[in-house]
Structure formats: C-alpha cells, structure tokens
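A.B. asks: As input, take protein31.txt (compact mmCIF, C-alpha atoms):
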```
# COMPACT_ATOMS: atom_id res chain seq x y z
CA MET A 24 -16.42 -238.05 -24.36
CA LEU A 25 -17.25 -234.35 -24.55
CA GLN A 26 -18.72 -234.52 -21.03
CA HIS A 27 -15.51 -236.14 -19.77
CA VAL A 28 -13.39 -233.43 -21.41
CA ARG A 29 -15.57 -230.67 -19.90
CA ARG A 30 -15.34 -232.25 -16.43
CA ASN A 31 -11.57 -232.77 -16.64
CA LYS A 32 -11.08 -229.23 -17.93
CA GLU A 33 -12.95 -227.79 -14.94
CA GLN A 34 -10.96 -229.99 -12.55
CA VAL A 35 -7.66 -228.82 -14.00
CA ILE A 36 -8.73 -225.17 -13.74
CA GLU A 37 -9.67 -225.71 -10.08
CA LEU A 38 -6.30 -227.34 -9.35
CA ILE A 39 -4.45 -224.45 -11.00
CA GLU A 40 -6.40 -221.98 -8.86
CA GLU A 41 -5.54 -223.94 -5.68
CA ILE A 42 -1.87 -223.94 -6.65
CA ARG A 43 -1.98 -220.20 -7.33
CA ILE A 44 -3.50 -219.53 -3.88
CA LYS A 45 -0.63 -221.49 -2.32
CA GLY A 46 1.82 -219.17 -4.01
CA ILE A 47 3.06 -221.56 -6.64
CA LYS A 48 3.48 -219.96 -10.05
CA VAL A 49 1.97 -221.81 -13.00
CA LYS A 50 3.88 -221.47 -16.26
CA GLU A 51 2.30 -219.43 -19.04
CA VAL A 52 2.46 -222.40 -21.39
CA ILE A 53 -0.02 -224.25 -19.14
CA HIS A 54 -2.50 -221.37 -19.35
CA LYS A 55 -2.18 -221.35 -23.15
CA LYS A 56 -2.88 -225.09 -23.28
CA ILE A 57 -5.99 -224.62 -21.16
CA GLU A 58 -7.24 -221.91 -23.52
CA ILE A 59 -6.73 -224.25 -26.47
CA ILE A 60 -8.73 -226.95 -24.67
CA LYS A 61 -11.54 -224.46 -24.04
CA ILE A 62 -11.71 -223.54 -27.73
CA LEU A 63 -11.53 -227.19 -28.79
CA LEU A 64 -14.36 -228.14 -26.46
CA LYS A 65 -16.51 -225.23 -27.63
CA GLN A 66 -15.96 -226.11 -31.28
CA GLN A 67 -16.67 -229.80 -30.81
CA LEU A 68 -19.82 -229.12 -28.79
CA ASP A 69 -21.02 -226.71 -31.46
CA MET A 70 -20.49 -229.26 -34.24
CA TYR A 71 -22.10 -232.03 -32.18
CA ARG A 72 -25.23 -229.97 -31.53
CA ARG A 73 -25.51 -228.86 -35.16
CA LYS A 74 -24.60 -232.34 -36.42
CA SER A 75 -21.97 -230.80 -38.62
CA HIS A 76 -18.26 -231.23 -39.31
CA ILE A 77 -17.70 -227.58 -40.20
CA VAL A 78 -16.81 -224.75 -37.83
CA LYS A 79 -14.94 -221.49 -38.31
CA ASP A 80 -11.18 -221.65 -37.53
CA ARG A 81 -11.46 -225.32 -36.62
CA ILE A 82 -8.55 -226.62 -34.55
CA VAL A 83 -7.26 -229.93 -35.91
CA SER A 84 -4.03 -230.15 -33.90
CA TYR A 85 -3.75 -229.65 -30.14
CA SER A 86 0.02 -229.14 -30.33
CA GLN A 87 -0.30 -226.72 -33.29
CA PRO A 88 -3.68 -225.00 -32.97
CA GLU A 89 -2.81 -222.53 -35.74
CA VAL A 90 -2.87 -225.30 -38.37
CA ARG A 91 -5.94 -225.31 -40.62
CA PRO A 92 -7.14 -227.89 -43.14
CA MET A 93 -7.01 -226.53 -46.69
CA VAL A 94 -9.07 -228.29 -49.33
CA ARG A 95 -6.92 -228.27 -52.49
CA GLY A 96 -8.55 -231.02 -54.55
CA LYS A 97 -5.23 -232.51 -55.64
CA ALA A 98 -5.05 -236.18 -56.62
CA GLY A 99 -4.04 -238.21 -53.56
CA LYS A 100 -4.01 -235.07 -51.39
CA PRO A 101 -7.50 -233.51 -51.37
CA VAL A 102 -6.73 -231.74 -48.07
CA GLU A 103 -3.39 -230.25 -47.04
CA PHE A 104 -2.17 -228.99 -43.66
CA GLY A 105 0.38 -226.30 -43.02
CA PRO A 106 0.98 -222.66 -43.90
CA LYS A 107 0.14 -221.26 -47.31
CA ALA A 108 2.77 -218.99 -48.78
CA GLU A 109 2.97 -216.48 -51.58
CA LEU A 110 6.42 -216.40 -53.16
CA SER A 111 8.12 -214.15 -55.68
CA LEU A 112 10.88 -215.39 -57.98
CA VAL A 113 13.35 -212.65 -58.94
CA ASP A 114 16.48 -213.43 -60.97
CA GLY A 115 16.55 -217.00 -59.70
CA TYR A 116 15.95 -216.13 -56.04
CA LEU A 117 12.82 -216.89 -54.04
CA PHE A 118 11.33 -214.30 -51.66
CA LEU A 119 8.53 -214.83 -49.15
CA ASP A 120 5.81 -212.19 -49.57
CA TRP A 121 3.07 -213.64 -47.42
CA LEU A 122 2.54 -216.64 -45.13
CA SER A 123 -0.60 -217.72 -43.29
CA PHE A 124 -2.15 -220.87 -41.83
CA ASP A 125 -5.52 -219.56 -42.99
CA ASN A 126 -6.48 -220.06 -46.60
CA PHE A 127 -6.33 -216.78 -48.51
CA ASN A 128 -6.92 -215.51 -52.02
CA GLU A 129 -3.45 -214.81 -53.36
CA ALA A 130 -4.88 -212.60 -56.12
CA LYS A 131 -5.65 -209.98 -53.47
CA LYS A 132 -1.99 -209.89 -52.40
CA LEU A 133 -0.53 -208.63 -55.68
CA GLU A 134 -0.35 -204.97 -54.67
CA GLU A 135 1.36 -205.91 -51.41
CA SER A 136 3.90 -208.06 -53.30
CA ILE A 137 4.72 -205.14 -55.60
CA LYS A 138 5.28 -202.88 -52.60
CA LYS A 139 7.57 -205.48 -50.98
CA TYR A 140 9.55 -205.72 -54.22
CA GLU A 141 9.98 -201.94 -54.14
CA GLU A 142 11.15 -202.10 -50.52
CA ARG A 143 13.73 -204.78 -51.34
CA PHE A 144 15.14 -203.32 -54.55
CA GLU A 145 14.23 -199.60 -54.23
CA LYS A 146 12.44 -199.66 -57.56
CA LYS A 147 9.30 -201.06 -59.12
CA PRO A 148 9.46 -204.16 -61.33
CA GLN A 149 9.34 -203.51 -65.07
CA LYS A 150 7.08 -206.53 -65.58
CA ILE A 151 5.35 -209.30 -63.66
CA ILE A 152 4.60 -212.84 -64.76
CA ALA A 153 1.78 -214.35 -62.73
CA ASP A 154 -0.74 -217.16 -62.72
CA GLY A 155 -4.12 -216.56 -64.33
CA ILE A 156 -5.79 -216.11 -60.92
CA TYR A 157 -4.06 -212.72 -60.64
CA GLY A 158 -5.66 -211.47 -63.85
CA ASN A 159 -8.74 -209.80 -62.38
CA ARG A 160 -9.66 -206.28 -63.44
CA ASP A 161 -8.58 -204.68 -60.17
CA ASN A 162 -5.06 -206.07 -60.52
CA ARG A 163 -4.86 -205.13 -64.19
CA ASN A 164 -5.93 -201.56 -63.45
CA TYR A 165 -3.43 -201.33 -60.59
CA LEU A 166 -0.54 -202.57 -62.76
CA LYS A 167 -1.54 -200.22 -65.56
CA GLY A 168 -1.56 -197.30 -63.14
CA GLU A 169 1.90 -198.28 -61.88
CA GLN A 170 3.14 -198.70 -65.48
CA ILE A 171 4.13 -202.31 -64.87
CA ARG A 172 3.81 -204.62 -67.85
CA ALA A 173 1.82 -207.76 -67.03
CA ALA A 174 2.17 -211.14 -68.72
CA LEU A 175 -1.50 -212.00 -68.20
CA LYS A 176 -3.96 -213.46 -70.67
CA PRO A 177 -5.77 -210.59 -72.46
CA LEU A 178 -9.41 -210.01 -71.57
CA GLY A 179 -12.19 -209.61 -74.09
CA ARG A 180 -12.46 -210.84 -77.64
CA LYS A 181 -9.50 -212.11 -79.61
CA SER A 182 -8.13 -209.92 -82.35
CA LYS A 183 -6.24 -210.63 -85.56
CA THR A 184 -4.28 -207.39 -85.45
CA GLU A 185 -0.50 -207.62 -85.51
CA GLU A 186 -0.25 -205.74 -82.19
CA TYR A 187 -2.58 -208.23 -80.45
CA GLN A 188 -0.75 -211.25 -81.88
CA LYS A 189 2.63 -209.80 -80.88
CA GLU A 190 1.42 -209.24 -77.31
CA LYS A 191 -0.03 -212.76 -77.22
CA ARG A 192 3.30 -214.27 -78.30
CA TRP A 193 5.15 -212.24 -75.67
CA ILE A 194 2.74 -213.38 -72.93
CA LYS A 195 3.10 -217.02 -73.98
CA LYS A 196 6.89 -216.74 -73.86
CA GLN A 197 6.78 -215.10 -70.42
CA GLN A 198 4.42 -217.75 -69.05
CA ARG A 199 6.97 -220.43 -69.94
CA ILE A 200 9.40 -218.54 -67.71
CA ARG A 201 6.79 -218.42 -64.91
CA ASN A 202 6.59 -222.22 -64.91
CA ARG A 203 10.11 -222.30 -63.47
CA ILE A 204 8.80 -221.28 -60.05
CA GLU A 205 7.14 -224.70 -59.67
CA GLY A 206 10.54 -226.32 -60.09
CA PHE A 207 12.09 -223.92 -57.58
CA ILE A 208 9.40 -224.73 -55.00
CA GLY A 209 9.81 -228.47 -55.59
CA HIS A 210 13.59 -228.11 -55.18
CA ALA A 211 13.10 -226.20 -51.92
CA LYS A 212 10.81 -228.94 -50.59
CA GLU A 213 13.12 -231.75 -51.66
CA HIS A 214 16.48 -230.35 -50.54
CA PHE A 215 15.89 -227.46 -48.12
CA GLY A 216 13.22 -228.74 -45.71
CA LEU A 217 10.26 -226.76 -47.03
CA ASN A 218 8.16 -229.93 -47.14
CA LYS A 219 8.24 -230.49 -43.37
CA ILE A 220 8.27 -227.72 -40.80
CA ARG A 221 9.91 -228.83 -37.56
CA TYR A 222 9.74 -225.67 -35.43
CA LYS A 223 6.74 -225.96 -33.09
CA ILE A 224 7.23 -222.67 -31.24
CA ASP A 225 5.07 -219.58 -31.87
CA GLY A 226 6.08 -218.15 -35.21
CA GLY A 227 8.24 -221.20 -35.85
CA ALA A 228 6.66 -221.94 -39.21
CA GLU A 229 7.65 -218.57 -40.68
CA ILE A 230 11.16 -218.86 -39.21
CA TRP A 231 11.55 -222.31 -40.78
CA VAL A 232 10.28 -221.18 -44.19
CA ARG A 233 12.47 -218.06 -44.23
CA MET A 234 15.55 -220.07 -43.19
CA SER A 235 14.84 -222.68 -45.88
CA LEU A 236 14.54 -219.99 -48.55
CA LEU A 237 17.66 -218.25 -47.25
CA MET A 238 19.70 -221.46 -47.53
CA MET A 239 18.35 -222.11 -51.01
CA ASN A 240 19.15 -218.56 -52.15
CA LEU A 241 22.68 -218.83 -50.72
CA ASP A 242 23.12 -222.10 -52.58
CA THR A 243 21.91 -220.41 -55.78
CA ALA A 244 24.32 -217.50 -55.26
CA LEU A 245 27.30 -219.83 -54.75
CA LYS A 246 26.43 -221.89 -57.81
CA SER A 247 26.13 -218.76 -59.93
CA ARG A 248 29.68 -217.80 -58.82
CA ARG A 249 28.60 -214.25 -58.16
CA TYR A 250 30.27 -214.44 -54.77
CA THR A 251 33.47 -216.07 -53.58
CA VAL A 252 34.16 -217.58 -50.17
CA ALA A 253 37.27 -216.15 -48.48
```
Please express what this file holds, its structure, as structure tokens.

C.D. replies:
Amino acid sequence: MLQHVRRNKEQVIELIEEIRIKGIKVKEVIHKKIEIIKILLKQQLDMYRRKSHIVKDRIVSYSQPEVRPMVRGKAGKPVEFGPKAELSLVDGYLFLDWLSFDNFNEAKKLEESIKKYEERFEKKPQKIIADGIYGNRDNRNYLKGEQIRAALKPLGRKSKTEEYQKEKRWIKKQQRIRNRIEGFIGHAKEHFGLNKIRYKIDGGAEIWVRMSLLMMNLDTALKSRRYTVA
C-alpha cells in the first residue's frame, strides 16, 4: 500500500507540473494537500521500517493534519482527539488562555495566564485557585514574588500551629470553589458546542472555541441581569 501511495503521489506531482507548464494555475489548497501526503507517507514509511506505531507529530487525520492523539487514560476514552485548552474562570466567566493541538504541560503556562489576566483587567489577581499540578516550586516562587495568594496544597511537613491550620482550612474552602470550573466546562460542551468543533479551516478550532465561550459568557451575563437588552 505504501508503494502505491508513493507511486500515485509522484504521478500527481507530475500532472500538476504539466498543468503549470500549460499555464493553468493550480489552487494553493491542492499544494497543501500534496504536502500533507508527503508527510504522511514519510511517517508511515518510518514506522514501517522501525516496526513501530510511534512517530513525532503523527498525522492521524488527512482532512485535519493538526489533530494529535492525546493519551488521557480516562475510563472509556483512553485517547482523545482535538485541541487542548487552558481556561481561566473569573467571576463566573470563562476565558481562553491557551489552545494547542499538541499536548502541553499546563503547569508551565501559569505565568502566561497571570499576564493575560493583567492585560484583560489592568490589574493582577489577588489570589489564584488551581489544580495541584500547578503547585511546583517555580510557580510558587513566581506567585510569591508577584504577591498573589495561592490556594495550593502546602509543601513540606504538616504543622499543628494555628497559622498552618488556618491556611489549610482556607485552601480547602478555595478548592471547593475551583471545582466549579468542571461544571462550567461540562455546560459549555453540552449547550454551546465545545464538545464538537465544526470549523475545518485553518485556525477554525480556536475560532470555534472562542465563539462558544463568548456565547456562554453572554448567556451568563444576561442571566445575572447585569445588562439589559434595549
């Protein structure tokens, strides 16, 4: 099959060159499709020769070559496909901080999220409530330097001091608030199309996600009665 694909690819390239010589313009989308085929063929040949199923930036969809398989280990869904997003929940509104089809370590995006918050609201947040994955020493030192209180599980040994216990109770209370974001994301998937991206154009995924979040935030604003419709 790989030999057939290689032969057909070369034949198509030759035909495109003949058409070009005759003065007929070939659409850019055709050239992009050919490039995708070249990468696909190279990846498949590489895996075949190494007798492996793993290759860097593996293309799993011809129509959407940017899509990558992400191993999540969830029950019923060990592998997921689609963009991975980092979201911030502020006063009941969801904001997109980062989106990528490549798997990324969200813990390394904390500083960037803080900067985006500052750009949006012209001030730094007084506190952040984040998942435990964000609680590495680099992030803690950064937040301390920025004087931002962090609702993260304390490092080191436990203490029986009143100050430690008070901080622990505060963190536990804040983490209950953080759990709300899961409900917000589920609501966005169920009612605002975040579970199925339909734009197939370049950059369409981010457009779709931003539009879904925009509609959800507008719905939240109307329900809160902070704004009236003239």

A.B. asks: Between A:Leu236, A:Ile62, A:Ile230, A:Leu166, single out the one closest to A:His214, counting all atoms listed in the file.

C.D. replies: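 Of all the options, A:Leu236 lies closest to A:His214.
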
A.B. asks: Using Å and a single decimal, report how far atom CA of A:Leu217 sits from atom CA of A:Leu241.

C.D. replies: 15.2 Å

A.B. asks: Quick one: distance from atom CA of A:Gly99 to atom CA of A:Ile208 in Å, one decimal?

C.D. replies: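 One can read the atom CA of A:Gly99 to atom CA of A:Ile208 distance as 19.1 Å.
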
A.B. asks: Using only C-alpha atoms, can you tell me which of A:Leu175, A:Ala130, A:Ile36, A:Leu110 comes closest to A:Arg233?

C.D. replies: A:Leu110

A.B. asks: Nearest to A:Ser136: which of A:Ile39, A:Leu119, A:Ile204, A:Val232 is it, counting all atoms listed in the file?

C.D. replies: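 Checking each of A:Ile39, A:Leu119, A:Ile204, A:Val232 against A:Ser136, counting all atoms listed in the file, the winner is A:Leu119.
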
A.B. asks: Go through A:Lys56, A:His210, A:Lys139, A:Lys74 one by one, measure the shortest atom-to-atom distance of each to A:Met238 using all atoms listed in the file, and give the residue with the smallest value.

C.D. replies: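 Checking each candidate against A:Met238, we get A:His210 as the closest.
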
A.B. asks: In terms of the shortest atom-to-atom distance over all atoms listed in the file, which of A:Arg73, A:Ile47, A:Leu178, A:Ala153 is closest to A:Ile200?

C.D. replies: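 Nearest candidate to A:Ile200 out of A:Arg73, A:Ile47, A:Leu178, A:Ala153: A:Ala153.
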
A.B. asks: Quick one: everything within 8 Å of A:Tyr116, counting all atoms listed in the file, minus sequence neighbours fewer than 4 positions away in the same chain. Send it as a short mmCIF file (atom, residue, chain, number, x, y, z; two decimals) with C-alpha atoms, in the frame of the given file.

C.D. replies:
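Wrote it out as part22.cif, contents follow:
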```cif
data_model
loop_
_atom_site.label_atom_id
_atom_site.label_comp_id
_atom_site.auth_asym_id
_atom_site.auth_seq_id
_atom_site.Cartn_x
_atom_site.Cartn_y
_atom_site.Cartn_z
CA LEU A 112 10.88 -215.39 -57.98
CA ASN A 240 19.15 -218.56 -52.15
CA THR A 243 21.91 -220.41 -55.78
#
```

A.B. asks: Of the candidates A:Lys183, A:Lys65, A:Lys212, A:Lys150, which one gets nearest to A:Arg81 if we count only C-alpha atoms?

C.D. replies: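 The answer is A:Lys65, which sits nearest to A:Arg81.
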
A.B. asks: To one decimal place, how far is atom CA of A:Asn162 from atom CA of A:Glu135 in Å?

C.D. replies: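 Spanning atom CA of A:Asn162 to atom CA of A:Glu135 is a straight-line distance of 11.1 Å.
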
A.B. asks: Can you pull out every residue within 7 Å of A:Lys107, counting all atoms listed in the file, but drop anything in the same chain fewer than 4 positions away, and send it as a list in words?

C.D. replies: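 The neighbour list is Leu122, Ser123, Phe124 and Asn126 of chain A.
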
A.B. asks: Kindly save the residues from that selection, with C-alpha atoms included, as a tab-separated table (two decimals), in the frame of the given file.

C.D. replies:
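File produced: again00.tsv:
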```
chain	number	residue	atom	x	y	z
A	122	LEU	CA	2.54	-216.64	-45.13
A	123	SER	CA	-0.60	-217.72	-43.29
A	124	PHE	CA	-2.15	-220.87	-41.83
A	126	ASN	CA	-6.48	-220.06	-46.60
```
